[in-house]
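Novice: To be precise about what I am sending: the file is called structure-v7.pdb and holds PDB, C-alpha atoms and all ligand atoms.
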ATOM      1  CA  ARG A  64      -4.971   9.734 -20.898
ATOM      2  CA  TYR A  65      -2.280   7.149 -21.586
ATOM      3  CA  ALA A  66      -1.254   3.804 -20.174
ATOM      4  CA  TYR A  67       1.915   1.821 -20.727
ATOM      5  CA  VAL A  68       1.432  -1.755 -21.940
ATOM      6  CA  ASN A  69       4.278  -4.094 -22.821
ATOM      7  CA  GLY A  70       6.518  -1.699 -24.668
ATOM      8  CA  ARG A  71       4.056   0.943 -25.810
ATOM      9  CA  PHE A  72       2.215   4.005 -24.600
ATOM     10  CA  VAL A  73      -1.415   3.537 -25.660
ATOM     11  CA  HIS A  74      -4.653   5.373 -25.001
ATOM     12  CA  HIS A  75      -6.076   4.219 -21.704
ATOM     13  CA  ASP A  76      -9.304   3.058 -23.380
ATOM     14  CA  ASP A  77      -7.327   0.795 -25.723
ATOM     15  CA  ALA A  78      -4.968  -0.632 -23.087
ATOM     16  CA  ALA A  79      -5.351  -4.431 -23.020
ATOM     17  CA  VAL A  80      -3.386  -7.561 -22.203
ATOM     18  CA  HIS A  81      -3.679 -11.115 -23.524
ATOM     19  CA  ILE A  82      -6.335 -13.359 -21.935
ATOM     20  CA  GLU A  83      -3.655 -15.965 -21.216
ATOM     21  CA  ASP A  84      -1.519 -13.550 -19.253
ATOM     22  CA  ARG A  85      -0.749 -15.428 -16.033
ATOM     23  CA  GLY A  86      -1.644 -12.319 -14.086
ATOM     24  CA  TYR A  87      -5.174 -12.581 -15.433
ATOM     25  CA  GLN A  88      -5.499 -16.360 -14.980
ATOM     26  CA  PHE A  89      -3.549 -16.977 -11.758
ATOM     27  CA  ALA A  90      -2.869 -13.547 -10.226
ATOM     28  CA  ASP A  91       0.729 -14.584 -10.911
ATOM     29  CA  GLY A  92       2.226 -11.130 -10.622
ATOM     30  CA  VAL A  93       3.125  -8.217  -8.390
ATOM     31  CA  TYR A  94       2.534  -4.480  -8.288
ATOM     32  CA  GLU A  95       3.616  -1.174  -6.842
ATOM     33  CA  VAL A  96       1.754   2.042  -6.135
ATOM     34  CA  ILE A  97       4.177   4.971  -6.099
ATOM     35  CA  PRO A  98       2.832   8.329  -4.919
ATOM     36  CA  VAL A  99       3.229  11.420  -7.084
ATOM     37  CA  HIS A 100       3.566  14.711  -5.272
ATOM     38  CA  ASP A 101       3.852  17.938  -7.269
ATOM     39  CA  ARG A 102       4.694  15.870 -10.394
ATOM     40  CA  ARG A 103       7.507  14.022  -8.618
ATOM     41  CA  LEU A 104       7.675  10.363  -7.634
ATOM     42  CA  ILE A 105       7.982   9.896  -3.870
ATOM     43  CA  ASP A 106      10.389   7.279  -2.487
ATOM     44  CA  GLU A 107      10.808   5.651  -5.902
ATOM     45  CA  GLY A 108      14.026   3.937  -4.776
ATOM     46  CA  PRO A 109      12.404   2.010  -1.896
ATOM     47  CA  HIS A 110       9.354   1.234  -4.081
ATOM     48  CA  LEU A 111      11.538  -0.246  -6.813
ATOM     49  CA  ASP A 112      13.539  -2.151  -4.165
ATOM     50  CA  ARG A 113      10.288  -3.691  -2.970
ATOM     51  CA  LEU A 114       9.211  -4.451  -6.558
ATOM     52  CA  GLU A 115      12.487  -6.309  -7.061
ATOM     53  CA  TYR A 116      12.004  -8.131  -3.760
ATOM     54  CA  SER A 117       8.467  -9.263  -4.683
ATOM     55  CA  LEU A 118       9.589 -10.395  -8.140
ATOM     56  CA  ASN A 119      12.543 -12.266  -6.678
ATOM     57  CA  GLU A 120      10.386 -14.123  -4.158
ATOM     58  CA  LEU A 121       8.199 -15.326  -7.055
ATOM     59  CA  ARG A 122      11.136 -15.925  -9.408
ATOM     60  CA  ILE A 123       9.812 -13.502 -12.015
ATOM     61  CA  GLY A 124      12.435 -11.486 -13.871
ATOM     62  CA  LEU A 125      12.670  -7.708 -13.710
ATOM     63  CA  PRO A 126      11.105  -6.713 -17.083
ATOM     64  CA  MET A 127      13.804  -4.072 -17.707
ATOM     65  CA  SER A 128      16.462  -2.164 -15.819
ATOM     66  CA  ARG A 129      15.441   0.011 -12.877
ATOM     67  CA  ARG A 130      16.677   3.008 -14.774
ATOM     68  CA  ALA A 131      14.358   2.178 -17.693
ATOM     69  CA  LEU A 132      11.420   1.597 -15.310
ATOM     70  CA  GLU A 133      12.009   4.989 -13.711
ATOM     71  CA  MET A 134      12.170   6.680 -17.094
ATOM     72  CA  LEU A 135       8.919   5.066 -18.263
ATOM     73  CA  ALA A 136       7.194   6.031 -15.024
ATOM     74  CA  ARG A 137       8.328   9.643 -15.372
ATOM     75  CA  GLU A 138       7.255   9.746 -19.018
ATOM     76  CA  LEU A 139       3.760   8.450 -18.198
ATOM     77  CA  ILE A 140       3.374  11.017 -15.407
ATOM     78  CA  ARG A 141       4.433  13.716 -17.835
ATOM     79  CA  ARG A 142       2.092  12.574 -20.623
ATOM     80  CA  ASN A 143      -0.857  12.354 -18.240
ATOM     81  CA  ALA A 144       0.075  15.641 -16.529
ATOM     82  CA  VAL A 145      -0.290  14.050 -13.093
ATOM     83  CA  THR A 146       0.324  16.619 -10.369
ATOM     84  CA  TYR A 147      -0.812  14.660  -7.281
ATOM     85  CA  GLY A 148      -1.817  11.021  -7.218
ATOM     86  CA  PHE A 149       0.082   7.873  -8.027
ATOM     87  CA  ILE A 150       1.494   5.592 -10.664
ATOM     88  CA  TYR A 151       0.438   1.949 -10.622
ATOM     89  CA  MET A 152       2.978  -0.544 -11.947
ATOM     90  CA  GLN A 153       2.240  -4.218 -12.501
ATOM     91  CA  VAL A 154       4.522  -7.046 -13.561
ATOM     92  CA  THR A 155       3.235 -10.556 -14.269
ATOM     93  CA  ARG A 156       5.022 -13.748 -15.259
ATOM     94  CA  GLY A 157       3.740 -13.205 -18.792
ATOM     95  CA  VAL A 158       1.632 -15.037 -21.362
ATOM     96  CA  ALA A 159       1.616 -18.851 -21.616
ATOM     97  CA  PRO A 160      -0.962 -21.647 -22.154
ATOM     98  CA  ARG A 161      -2.728 -22.201 -18.825
ATOM     99  CA  ASP A 162      -0.749 -24.590 -16.624
ATOM    100  CA  HIS A 163      -0.127 -23.982 -12.931
ATOM    101  CA  LYS A 164       3.596 -24.656 -12.929
ATOM    102  CA  PHE A 165       5.999 -22.089 -14.354
ATOM    103  CA  PRO A 166       6.110 -22.253 -18.184
ATOM    104  CA  LYS A 167       9.073 -24.305 -19.445
ATOM    105  CA  LYS A 168      10.091 -21.575 -21.834
ATOM    106  CA  THR A 169      10.183 -18.472 -19.642
ATOM    107  CA  PRO A 170       7.857 -15.844 -21.172
ATOM    108  CA  ALA A 171       8.783 -12.166 -21.162
ATOM    109  CA  PRO A 172       7.351 -10.647 -17.969
ATOM    110  CA  ALA A 173       4.380  -8.421 -18.789
ATOM    111  CA  LEU A 174       4.657  -4.807 -17.650
ATOM    112  CA  THR A 175       1.796  -2.346 -17.430
ATOM    113  CA  MET A 176       1.506   1.120 -15.881
ATOM    114  CA  THR A 177      -1.378   3.484 -15.271
ATOM    115  CA  THR A 178      -1.687   6.758 -13.366
ATOM    116  CA  ARG A 179      -4.352   8.356 -11.206
ATOM    117  CA  GLN A 180      -4.825  11.976 -10.312
ATOM    118  CA  LEU A 181      -5.915  12.606  -6.701
ATOM    119  CA  PRO A 182      -6.633  15.787  -4.736
ATOM    120  CA  LYS A 183      -3.571  17.492  -3.295
ATOM    121  CA  PRO A 184      -3.112  16.103   0.221
ATOM    122  CA  SER A 185      -3.660  18.530   3.063
ATOM    123  CA  ALA A 186      -1.896  18.378   6.414
ATOM    124  CA  GLU A 187      -5.279  19.055   8.005
ATOM    125  CA  MET A 188      -8.062  16.529   8.424
ATOM    126  CA  GLU A 189     -11.311  17.398  10.164
ATOM    127  CA  GLU A 190     -12.442  13.823  10.485
ATOM    128  CA  GLY A 191     -10.616  10.558  10.872
ATOM    129  CA  TYR A 192     -11.383   7.256   9.210
ATOM    130  CA  SER A 193     -13.595   4.586  10.713
ATOM    131  CA  VAL A 194     -12.387   0.997  10.536
ATOM    132  CA  VAL A 195     -13.967  -2.390  11.100
ATOM    133  CA  SER A 196     -12.085  -5.485  12.156
ATOM    134  CA  ALA A 197     -12.105  -8.595   9.995
ATOM    135  CA  PRO A 198     -10.293 -11.912  10.237
ATOM    136  CA  ASP A 199      -6.993 -11.949   8.340
ATOM    137  CA  MET A 200      -7.733 -14.676   5.794
ATOM    138  CA  ARG A 201      -4.692 -14.084   3.590
ATOM    139  CA  TRP A 202      -1.904 -16.501   2.723
ATOM    140  CA  LYS A 203       1.243 -16.521   4.830
ATOM    141  CA  ARG A 204       3.283 -14.208   2.575
ATOM    142  CA  PRO A 205       1.638 -10.760   2.589
ATOM    143  CA  ASP A 206       5.186  -9.344   2.477
ATOM    144  CA  ILE A 207       5.067 -10.077  -1.269
ATOM    145  CA  LYS A 208       3.085  -7.321  -2.993
ATOM    146  CA  SER A 209       1.140  -9.780  -5.110
ATOM    147  CA  VAL A 210      -1.880  -8.852  -7.239
ATOM    148  CA  SER A 211      -3.707 -11.763  -5.575
ATOM    149  CA  LEU A 212      -5.902  -9.616  -3.331
ATOM    150  CA  LEU A 213      -9.224 -11.439  -2.807
ATOM    151  CA  PRO A 214      -9.097 -11.421   1.015
ATOM    152  CA  ASN A 215      -8.136  -7.727   0.935
ATOM    153  CA  ILE A 216     -11.013  -6.923  -1.417
ATOM    154  CA  LEU A 217     -13.546  -8.784   0.733
ATOM    155  CA  ALA A 218     -12.327  -7.057   3.890
ATOM    156  CA  LYS A 219     -12.461  -3.628   2.240
ATOM    157  CA  GLN A 220     -15.958  -4.347   0.942
ATOM    158  CA  LYS A 221     -17.034  -5.316   4.469
ATOM    159  CA  ALA A 222     -15.660  -1.963   5.637
ATOM    160  CA  ALA A 223     -17.513  -0.071   2.906
ATOM    161  CA  GLU A 224     -20.790  -1.822   3.746
ATOM    162  CA  ALA A 225     -20.308  -0.791   7.387
ATOM    163  CA  GLY A 226     -19.778   2.828   6.298
ATOM    164  CA  CYS A 227     -16.054   2.581   7.074
ATOM    165  CA  GLN A 228     -12.962   3.503   5.075
ATOM    166  CA  GLU A 229     -10.720   0.585   6.002
ATOM    167  CA  ALA A 230     -10.696  -2.885   7.581
ATOM    168  CA  TRP A 231      -8.123  -3.935  10.155
ATOM    169  CA  LEU A 232      -7.158  -7.556   9.739
ATOM    170  CA  VAL A 233      -6.842  -9.651  12.885
ATOM    171  CA  ASP A 234      -4.728 -12.806  13.105
ATOM    172  CA  GLU A 235      -5.558 -16.024  15.006
ATOM    173  CA  ASN A 236      -3.936 -14.588  18.171
ATOM    174  CA  GLY A 237      -6.229 -11.577  18.211
ATOM    175  CA  LYS A 238      -3.450  -9.280  16.993
ATOM    176  CA  VAL A 239      -3.953  -6.691  14.273
ATOM    177  CA  THR A 240      -1.687  -7.448  11.329
ATOM    178  CA  GLU A 241      -2.450  -4.455   9.066
ATOM    179  CA  GLY A 242      -5.248  -2.880   7.059
ATOM    180  CA  SER A 243      -6.576  -4.289   3.775
ATOM    181  CA  ALA A 244      -4.342  -1.797   1.905
ATOM    182  CA  THR A 245      -2.599   0.158   4.682
ATOM    183  CA  ASN A 246      -0.313  -0.392   7.681
ATOM    184  CA  ALA A 247      -1.765  -0.119  11.190
ATOM    185  CA  TRP A 248      -0.550   1.925  14.162
ATOM    186  CA  ILE A 249      -1.758   2.942  17.607
ATOM    187  CA  VAL A 250      -0.620   5.429  20.242
ATOM    188  CA  THR A 251      -0.800   4.168  23.829
ATOM    189  CA  LYS A 252      -2.015   6.177  26.829
ATOM    190  CA  ASP A 253       1.640   6.920  27.681
ATOM    191  CA  ASN A 254       2.285   8.285  24.157
ATOM    192  CA  LYS A 255       4.210   5.368  22.734
ATOM    193  CA  VAL A 256       3.668   4.730  19.048
ATOM    194  CA  VAL A 257       3.124   1.030  18.366
ATOM    195  CA  THR A 258       3.375  -0.796  15.067
ATOM    196  CA  ARG A 259       4.014  -4.375  14.119
ATOM    197  CA  ARG A 260       7.364  -5.595  12.880
ATOM    198  CA  ALA A 261       7.538  -5.930   9.110
ATOM    199  CA  ASP A 262       8.074  -9.693   8.953
ATOM    200  CA  ASN A 263       6.313 -12.083   6.542
ATOM    201  CA  SER A 264       2.913 -11.324   8.111
ATOM    202  CA  ILE A 265       2.503  -7.822   6.650
ATOM    203  CA  LEU A 266       3.528  -5.736   3.683
ATOM    204  CA  SER A 267       6.525  -3.617   4.553
ATOM    205  CA  GLY A 268       4.934  -0.275   3.696
ATOM    206  CA  ILE A 269       7.178   2.376   2.200
ATOM    207  CA  THR A 270       5.169   5.089   3.967
ATOM    208  CA  ARG A 271       5.703   3.123   7.187
ATOM    209  CA  LEU A 272       9.469   3.072   6.585
ATOM    210  CA  SER A 273       9.565   6.803   5.816
ATOM    211  CA  LEU A 274       7.490   7.617   8.880
ATOM    212  CA  LEU A 275       9.756   5.505  11.099
ATOM    213  CA  LYS A 276      12.670   7.638   9.921
ATOM    214  CA  VAL A 277      10.763  10.852  10.644
ATOM    215  CA  MET A 278       9.916   9.534  14.109
ATOM    216  CA  GLU A 279      13.489   8.592  14.830
ATOM    217  CA  ARG A 280      14.731  11.991  13.737
ATOM    218  CA  GLU A 281      12.169  13.810  15.857
ATOM    219  CA  GLY A 282      12.606  11.584  18.909
ATOM    220  CA  TYR A 283       9.221   9.860  19.169
ATOM    221  CA  GLU A 284       8.961   6.838  21.447
ATOM    222  CA  LEU A 285       8.331   3.731  19.422
ATOM    223  CA  GLU A 286       7.439   0.130  20.224
ATOM    224  CA  VAL A 287       7.742  -2.308  17.346
ATOM    225  CA  ARG A 288       5.478  -5.162  18.399
ATOM    226  CA  PRO A 289       2.079  -6.626  17.562
ATOM    227  CA  PHE A 290      -0.942  -5.068  19.302
ATOM    228  CA  SER A 291      -4.298  -6.679  19.908
ATOM    229  CA  LEU A 292      -7.658  -5.444  18.685
ATOM    230  CA  GLU A 293      -8.575  -4.842  22.358
ATOM    231  CA  GLU A 294      -5.521  -2.660  22.840
ATOM    232  CA  ALA A 295      -6.516  -0.712  19.726
ATOM    233  CA  HIS A 296     -10.041  -0.182  21.109
ATOM    234  CA  ASP A 297      -8.504   1.250  24.304
ATOM    235  CA  ALA A 298      -5.713   3.224  22.608
ATOM    236  CA  ARG A 299      -5.412   6.991  22.887
ATOM    237  CA  GLU A 300      -4.942   7.383  19.138
ATOM    238  CA  ALA A 301      -4.878   5.184  16.063
ATOM    239  CA  PHE A 302      -3.812   5.804  12.496
ATOM    240  CA  LEU A 303      -2.905   4.135   9.231
ATOM    241  CA  THR A 304      -0.250   4.717   6.598
ATOM    242  CA  SER A 305      -0.083   4.111   2.859
ATOM    243  CA  SER A 306       1.116   5.703  -0.352
ATOM    244  CA  THR A 307      -2.357   7.032  -1.080
ATOM    245  CA  ASN A 308      -3.381   8.008   2.482
ATOM    246  CA  PHE A 309      -0.034   9.150   3.921
ATOM    247  CA  VAL A 310      -0.696   9.279   7.689
ATOM    248  CA  THR A 311      -4.456   9.203   8.299
ATOM    249  CA  PRO A 312      -6.079   9.310  11.746
ATOM    250  CA  ILE A 313      -8.554   6.617  12.769
ATOM    251  CA  THR A 314     -11.296   7.799  15.090
ATOM    252  CA  ARG A 315     -13.599   4.762  15.240
ATOM    253  CA  ILE A 316     -12.865   1.060  15.459
ATOM    254  CA  ASP A 317     -15.844  -1.297  15.254
ATOM    255  CA  GLY A 318     -18.184   1.602  16.005
ATOM    256  CA  ARG A 319     -16.349   2.629  19.184
ATOM    257  CA  ALA A 320     -14.589   5.974  19.470
ATOM    258  CA  VAL A 321     -10.804   5.918  19.697
ATOM    259  CA  GLY A 322      -9.656   8.304  22.451
ATOM    260  CA  ASN A 323     -11.904  11.364  22.367
ATOM    261  CA  GLY A 324     -13.243  10.441  18.923
ATOM    262  CA  HIS A 325     -11.243  13.169  17.150
ATOM    263  CA  PRO A 326      -8.022  12.868  15.121
ATOM    264  CA  GLY A 327      -5.171  12.381  17.600
ATOM    265  CA  ILE A 328      -2.761  15.215  18.349
ATOM    266  CA  LEU A 329       0.336  13.085  17.902
ATOM    267  CA  THR A 330      -1.127  11.512  14.750
ATOM    268  CA  MET A 331      -1.733  14.925  13.192
ATOM    269  CA  LYS A 332       1.810  15.997  14.055
ATOM    270  CA  LEU A 333       3.113  12.908  12.311
ATOM    271  CA  ARG A 334       0.866  13.548   9.312
ATOM    272  CA  GLN A 335       2.214  17.066   9.019
ATOM    273  CA  ALA A 336       5.824  15.970   9.492
ATOM    274  CA  TYR A 337       5.405  13.246   6.879
ATOM    275  CA  ILE A 338       3.814  15.552   4.299
ATOM    276  CA  GLU A 339       6.451  18.228   4.920
ATOM    277  CA  GLN A 340       9.280  15.811   4.319
ATOM    278  CA  VAL A 341       7.923  14.611   0.969
ATOM    279  CA  VAL A 342       7.355  18.139  -0.334
TER     280      VAL A 342
HETATM  281  N1  LIG B 401      -1.483  -0.538  -0.749
HETATM  282  N2  LIG B 401      -0.408  -3.030   3.484
HETATM  283  C1  LIG B 401      -1.048  -3.441   2.384
HETATM  284  C2  LIG B 401      -1.724  -4.763   2.402
HETATM  285  C3  LIG B 401      -1.037  -2.638   1.225
HETATM  286  O1  LIG B 401      -1.654  -3.065   0.115
HETATM  287  C4  LIG B 401      -0.378  -1.383   1.249
HETATM  288  C5  LIG B 401      -0.329  -0.493   0.042
HETATM  289  C6  LIG B 401       0.251  -0.982   2.446
HETATM  290  C7  LIG B 401       1.006   0.326   2.557
HETATM  291  O2  LIG B 401       2.184   0.295   1.807
HETATM  292  P1  LIG B 401       2.806   1.622   1.174
HETATM  293  O3  LIG B 401       3.039   2.551   2.301
HETATM  294  O4  LIG B 401       4.067   1.169   0.542
HETATM  295  O5  LIG B 401       1.801   2.177   0.192
HETATM  296  C8  LIG B 401       0.230  -1.840   3.533
HETATM  297  C9  LIG B 401      -1.473   0.156  -2.007
HETATM  298  C10 LIG B 401      -1.458   1.648  -1.854
HETATM  299  C11 LIG B 401      -2.654  -0.344  -2.830
HETATM  300  O6  LIG B 401      -2.832  -1.555  -2.839
HETATM  301  O7  LIG B 401      -3.353   0.457  -3.461
END
Take the structure from the file and write it as structure tokens.

Specialist:
Amino acid sequence: RYAYVNGRFVHHDDAAVHIEDRGYQFADGVYEVIPVHDRRLIDEGPHLDRLEYSLNELRIGLPMSRRALEMLARELIRRNAVTYGFIYMQVTRGVAPRDHKFPKKTPAPALTMTTRQLPKPSAEMEEGYSVVSAPDMRWKRPDIKSVSLLPNILAKQKAAEAGCQEAWLVDENGKVTEGSATNAWIVTKDNKVVTRRADNSILSGITRLSLLKVMEREGYELEVRPFSLEEAHDAREAFLTSSTNFVTPITRIDGRAVGNGHPGILTMKLRQAYIEQVV
């Protein structure tokens, strides 16, 4: 298995970066996770748009042209024979003696890529995920896909210790922002799909964007607004979206069943529609 590290394909076991990489010392960098479906990258355009956005917000340069990034990504997928899974791409500000402010002489941004093989996603799902709620302790710019993920890690660990697959983060107004690594959705008793606006308070998920398009095309009723944890507890259905989970039903929140405790009908339709449109 190969990885890409600063200009070279190397064996994964030998892939290493400098200890004074600002990504390592300050989490001064950003990343993307792009799904691979049947050897093809899914939504690579929007993912690279978001990579550029994150880099811009942090004033880190694009390490190479988009075209070159795409070609490297494809080459790594080919070398690793990834059929289903994802490619992980990370860009940091680069290597410089430790000093909080940006280095005076701008270092070359450091670029690394790895891949992961995952099982082929199925439109069916017997069981939904369970989630726990946790306070959203992140900084005020989760719209930047930064590698600084301590609050996300702690929330996900809390979920794992509670036997759950994800944590839903709750802001100071009692509203769900998103999951630790996924976007959050509910379906109300009158079949309206609710999700929060992608402002600075959440990551604008690419799966979320794709699903919104599917919903528009198929005429689903949508409300783009924040929802409270209470509303989620009382919702008919709940689900999450991400590049690695697609559309995944949620059947328990804080130990309480959502709806009838089974994956929601509308959720499963959306999962199927989403998977069909990426194939
Ligand atoms: N997580 N919100 C957060 C905080 C995320 O980290 C992610 C993605 C999402 C969903 O975004 P997308 O649909 O573009 O994958 C929402 C990736 C998969 C990760 O960190 O592994």

Novice: Using all atoms listed in the file, tabulate the residues of range 212-240 of chain A lying at most 8 Å from any atom of range 284-293 of chain A, each with its closest atom pair and that distance in Å to one decimal, by chain and increasing residue number, as a tab-separated table.

Specialist:
residue	atom	partner	partner_atom	distance
A:Val233	CA	A:Leu292	CA	7.2
A:Gly237	CA	A:Ser291	CA	5.5
A:Lys238	CA	A:Ser291	CA	4.0
A:Val239	CA	A:Ser291	CA	5.6
A:Thr240	CA	A:Pro289	CA	7.3

Novice: Do you know which residues are at most 10 Å from Lys203 in chain A counting all atoms listed in the file, after dropping those on the same chain fewer than 5 positions away, and could you put them as an MDAnalysis selection string?

Specialist: chainID A and resid 263:265

Novice: Using all atoms listed in the file for the distances, tell me which of A:Gly324, A:Ile316, A:Gly282, A:Gly157 is nearest to Ile82 in chain A.

Specialist: A:Gly157

Novice: To one decimal in Å, tell me the separation between CA of Gly318 in chain A and CA of Tyr192 in chain A.

Specialist: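 Separation of CA of Gly318 in chain A and CA of Tyr192 in chain A: 11.2 Å.
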
Novice: Collect all residues with atoms no farther than 10 Å from ligand LIG 401 (chain B), counting only C-alpha atoms and all ligand atoms, and output them as a VMD selection string.

Specialist: chain A and resid 94 to 98 106 109 to 110 113 149 151 201 205 to 210 212 215 to 216 232 240 to 247 264 to 274 303 to 310

Novice: Those residues you just picked out, can you put them in a file as a PDB file, keeping the file's coordinate frame with C-alpha atoms?

Specialist:
ATOM      1  CA  TYR A  94       2.534  -4.480  -8.288  1.00  0.00           C
ATOM      2  CA  GLU A  95       3.616  -1.174  -6.842  1.00  0.00           C
ATOM      3  CA  VAL A  96       1.754   2.042  -6.135  1.00  0.00           C
ATOM      4  CA  ILE A  97       4.177   4.971  -6.099  1.00  0.00           C
ATOM      5  CA  PRO A  98       2.832   8.329  -4.919  1.00  0.00           C
ATOM      6  CA  ASP A 106      10.389   7.279  -2.487  1.00  0.00           C
ATOM      7  CA  PRO A 109      12.404   2.010  -1.896  1.00  0.00           C
ATOM      8  CA  HIS A 110       9.354   1.234  -4.081  1.00  0.00           C
ATOM      9  CA  ARG A 113      10.288  -3.691  -2.970  1.00  0.00           C
ATOM     10  CA  PHE A 149       0.082   7.873  -8.027  1.00  0.00           C
ATOM     11  CA  TYR A 151       0.438   1.949 -10.622  1.00  0.00           C
ATOM     12  CA  ARG A 201      -4.692 -14.084   3.590  1.00  0.00           C
ATOM     13  CA  PRO A 205       1.638 -10.760   2.589  1.00  0.00           C
ATOM     14  CA  ASP A 206       5.186  -9.344   2.477  1.00  0.00           C
ATOM     15  CA  ILE A 207       5.067 -10.077  -1.269  1.00  0.00           C
ATOM     16  CA  LYS A 208       3.085  -7.321  -2.993  1.00  0.00           C
ATOM     17  CA  SER A 209       1.140  -9.780  -5.110  1.00  0.00           C
ATOM     18  CA  VAL A 210      -1.880  -8.852  -7.239  1.00  0.00           C
ATOM     19  CA  LEU A 212      -5.902  -9.616  -3.331  1.00  0.00           C
ATOM     20  CA  ASN A 215      -8.136  -7.727   0.935  1.00  0.00           C
ATOM     21  CA  ILE A 216     -11.013  -6.923  -1.417  1.00  0.00           C
ATOM     22  CA  LEU A 232      -7.158  -7.556   9.739  1.00  0.00           C
ATOM     23  CA  THR A 240      -1.687  -7.448  11.329  1.00  0.00           C
ATOM     24  CA  GLU A 241      -2.450  -4.455   9.066  1.00  0.00           C
ATOM     25  CA  GLY A 242      -5.248  -2.880   7.059  1.00  0.00           C
ATOM     26  CA  SER A 243      -6.576  -4.289   3.775  1.00  0.00           C
ATOM     27  CA  ALA A 244      -4.342  -1.797   1.905  1.00  0.00           C
ATOM     28  CA  THR A 245      -2.599   0.158   4.682  1.00  0.00           C
ATOM     29  CA  ASN A 246      -0.313  -0.392   7.681  1.00  0.00           C
ATOM     30  CA  ALA A 247      -1.765  -0.119  11.190  1.00  0.00           C
ATOM     31  CA  SER A 264       2.913 -11.324   8.111  1.00  0.00           C
ATOM     32  CA  ILE A 265       2.503  -7.822   6.650  1.00  0.00           C
ATOM     33  CA  LEU A 266       3.528  -5.736   3.683  1.00  0.00           C
ATOM     34  CA  SER A 267       6.525  -3.617   4.553  1.00  0.00           C
ATOM     35  CA  GLY A 268       4.934  -0.275   3.696  1.00  0.00           C
ATOM     36  CA  ILE A 269       7.178   2.376   2.200  1.00  0.00           C
ATOM     37  CA  THR A 270       5.169   5.089   3.967  1.00  0.00           C
ATOM     38  CA  ARG A 271       5.703   3.123   7.187  1.00  0.00           C
ATOM     39  CA  LEU A 272       9.469   3.072   6.585  1.00  0.00           C
ATOM     40  CA  SER A 273       9.565   6.803   5.816  1.00  0.00           C
ATOM     41  CA  LEU A 274       7.490   7.617   8.880  1.00  0.00           C
ATOM     42  CA  LEU A 303      -2.905   4.135   9.231  1.00  0.00           C
ATOM     43  CA  THR A 304      -0.250   4.717   6.598  1.00  0.00           C
ATOM     44  CA  SER A 305      -0.083   4.111   2.859  1.00  0.00           C
ATOM     45  CA  SER A 306       1.116   5.703  -0.352  1.00  0.00           C
ATOM     46  CA  THR A 307      -2.357   7.032  -1.080  1.00  0.00           C
ATOM     47  CA  ASN A 308      -3.381   8.008   2.482  1.00  0.00           C
ATOM     48  CA  PHE A 309      -0.034   9.150   3.921  1.00  0.00           C
ATOM     49  CA  VAL A 310      -0.696   9.279   7.689  1.00  0.00           C
TER      50      VAL A 310
END

Novice: Could you jot down the CA of Asp234 in chain A to CA of Lys255 in chain A separation for me, Å, one decimal place?

Specialist: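 Those two atoms sit 22.4 Å apart.
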
Novice: With the file shown as input, list the residues that the PyMOL selection byres (((chain A and resi 195) around 10) and not hetatm) selects, as a list in words.

Specialist: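 Taken on the displayed file, the PyMOL selection byres (((chain A and resi 195) around 10) and not hetatm) yields the residues Ser193, Val194, Ser196, Ala197, Ala218, Lys219, Lys221, Ala222, Ala223, Ala225, Gly226, Cys227, Gln228, Glu229, Ala230, Trp231, Leu232, Gly242, Arg315, Ile316, Asp317, Gly318 and Arg319 of chain A.
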
Novice: What is the distance between CA of Leu135 in chain A and CA of Leu114 in chain A, in Å to one decimal?

Specialist: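 Answer for the CA of Leu135 in chain A to CA of Leu114 in chain A separation: 15.1 Å.
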
Novice: With all atoms listed in the file as the counted atoms, please give the residues lying no more than 8 Å from range 122-125 of chain A, apart from itself and same-chain residues fewer than 2 positions off, as a list in words.

Specialist: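 In the requested format, the answer is Glu115, Leu118, Asn119, Glu120, Met127, Ser128, Thr155, Arg156 and Pro172 of chain A.
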
Novice: Tell me which of A:Glu300, A:Glu294, A:Asp84, A:Glu189 sits closest to Thr175 in chain A, counting only C-alpha atoms.

Specialist: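 Residue with the minimum atom-to-atom distance to Thr175 in chain A: A:Asp84.
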
Novice: Under the rule that all atoms listed in the file are counted, which of A:Asp91, A:Arg204, A:Arg280, A:His100 is the nearest residue to Ala261 in chain A?

Specialist: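 Counting all atoms listed in the file, the residue closest to Ala261 in chain A is A:Arg204.
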
Novice: Rank A:Val145, A:Ser117, A:Val341, A:Arg161 by their smallest atom-to-atom distance to Gly92 in chain A, using all atoms listed in the file, and report the top residue only.

Specialist: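 Using all atoms listed in the file, the shortest distance to Gly92 in chain A belongs to A:Ser117.
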
Novice: From (8.5, 13.3, 7.0), in the file's coordinates, out to 10 Å: which residues are reached, counting all atoms listed in the file? Answer as an mmCIF file with C-alpha atoms, in the frame of the given file.

Specialist:
data_model
loop_
_atom_site.group_PDB
_atom_site.id
_atom_site.type_symbol
_atom_site.label_atom_id
_atom_site.label_comp_id
_atom_site.auth_asym_id
_atom_site.auth_seq_id
_atom_site.Cartn_x
_atom_site.Cartn_y
_atom_site.Cartn_z
ATOM 1 C CA THR A 270 5.169 5.089 3.967
ATOM 2 C CA SER A 273 9.565 6.803 5.816
ATOM 3 C CA LEU A 274 7.490 7.617 8.880
ATOM 4 C CA LEU A 275 9.756 5.505 11.099
ATOM 5 C CA LYS A 276 12.670 7.638 9.921
ATOM 6 C CA VAL A 277 10.763 10.852 10.644
ATOM 7 C CA MET A 278 9.916 9.534 14.109
ATOM 8 C CA ARG A 280 14.731 11.991 13.737
ATOM 9 C CA GLU A 281 12.169 13.810 15.857
ATOM 10 C CA PHE A 309 -0.034 9.150 3.921
ATOM 11 C CA LEU A 333 3.113 12.908 12.311
ATOM 12 C CA ARG A 334 0.866 13.548 9.312
ATOM 13 C CA GLN A 335 2.214 17.066 9.019
ATOM 14 C CA ALA A 336 5.824 15.970 9.492
ATOM 15 C CA TYR A 337 5.405 13.246 6.879
ATOM 16 C CA ILE A 338 3.814 15.552 4.299
ATOM 17 C CA GLU A 339 6.451 18.228 4.920
ATOM 18 C CA GLN A 340 9.280 15.811 4.319
ATOM 19 C CA VAL A 341 7.923 14.611 0.969
ATOM 20 C CA VAL A 342 7.355 18.139 -0.334
#
